[in-house]
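> Have a look at this one.
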There are 2 protein chains.
Amino acid sequence: MNKSIFYHAGCPVCVGAEQEIINLMGEESLHIVHLGENQKEIPTAEEFGVTSVPALVTPNGVVLHINYGASLEEVKA
Amino acid sequence: MNKSIFYHAGCPVCVGAEQEIINLMGEESLHIVHLGENQKEIPTAEEFGVTSVPALVTPNGVVLHINYGASLEEVKA
């Protein structure tokens, strides 16, 4: 796992954070996953320890929850 | 303002996030401020919109609150 994974759900907070993260790290460093559109990816995100979006999972597997858009429970609903 | 500013207060959550942010962005992209040791920087952080640490203020002036270590009120206390 060389890229970081940016999980979001299309919420305004997510979109703003996504643009900043792309600016900071470069799009080539990121794998971006929209959990609202790809609900089957939610279990993988939960295994990493993601509890809300937007969140960045680093290549070390560390979860950085960035600001607060929505809980994963809200994304599932 | 070309560097991002990483505000922290030495808490365990802050230290973990700091290491990941350094890994991701490179130390040369960061100006790191310990608000516990530099309380006079707290008003500047508040002007950016920082309400808790750790937080990253990007070169665009956008605040990304990363995980949750402590509120600024706790840092002042």
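If you're wondering about the labels, chains in the structure tokens are A, B, ... by order shown, residues count from 1 in each chain, ligands from 1 in order shown.
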Give me, as a Markdown table, each residue of stretch 28-74 of chain B that comes within 12 Å of stretch 13-24 of chain A, together with its shortest interatomic pair and the distance in Å at one decimal, counting only C-alpha atoms, with rows ordered by chain and rising residue number.

| residue | atom | partner | partner_atom | distance |
| --- | --- | --- | --- | --- |
| B:Ser29 | CA | A:Leu24 | CA | 9.0 |
| B:Leu30 | CA | A:Leu24 | CA | 10.7 |
| B:Leu56 | CA | A:Glu20 | CA | 10.5 |
| B:Val57 | CA | A:Glu20 | CA | 9.9 |
| B:Thr58 | CA | A:Glu20 | CA | 7.4 |
| B:Pro59 | CA | A:Leu24 | CA | 8.8 |
| B:Asn60 | CA | A:Glu20 | CA | 8.2 |
| B:Gly61 | CA | A:Glu20 | CA | 9.9 |
| B:Val62 | CA | A:Glu20 | CA | 7.6 |
| B:Val63 | CA | A:Ala17 | CA | 9.0 |
| B:Leu64 | CA | A:Ala17 | CA | 7.2 |
| B:His65 | CA | A:Ala17 | CA | 10.0 |
| B:Ile66 | CA | A:Ala17 | CA | 10.9 |
> Please extract the residues of stretch 11-63 of chain A with a backbone DSSP assignment of helix (DSSP H, G or I) and present them as a list of chain:residue names.
A:Pro12, A:Val13, A:Cys14, A:Val15, A:Gly16, A:Ala17, A:Glu18, A:Gln19, A:Glu20, A:Ile21, A:Ile22, A:Asn23, A:Leu24, A:Met25, A:Glu27, A:Glu28, A:Ser29, A:Gln39, A:Lys40, A:Glu41, A:Ile42, A:Pro43, A:Thr44, A:Ala45, A:Glu46, A:Glu47, A:Phe48
> Pick out the residues sitting within 10 Å of A:His31, and hand them over as a list in words; count only C-alpha atoms, and ignore anything fewer than 2 positions along from it in its own chain.
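My reading of the contact set: Asn2, Lys3, Ser4, Ile5, Phe6, Tyr7, Glu27, Glu28, Ser29, Val33, Leu56 and Val57 of chain A.
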> Using DSSP on the backbone coordinates, identify all residues within chain A classified as strand (DSSP E or B); present the result as a ChimeraX atom specification.
/A:4-8,30-34,52-57,63-71
> In terms of the shortest atom-to-atom distance over only C-alpha atoms, which of A:Glu37, A:Ala45, A:Gly26, A:Ser71 is closest to chain B?
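For chain B, the nearest of the candidates is A:Gly26.
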> Tell me which of A:Asn67, A:Val75, A:Leu35, A:His8 sits closest to B:Val50, counting only C-alpha atoms.
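Residue with the minimum atom-to-atom distance to B:Val50: A:Asn67.
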> Restricting the calculation to only C-alpha atoms, which member of A:Tyr68, A:Lys76, A:Pro12, A:Ser52 is positioned closest to A:Gly36?
A:Lys76
> Calculated over only C-alpha atoms, which of the candidates A:Ala9, A:Thr44, A:Gln39, A:Thr51 has the smallest distance to chain B?
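With only C-alpha atoms as the atom set, the closest residue is A:Thr51.
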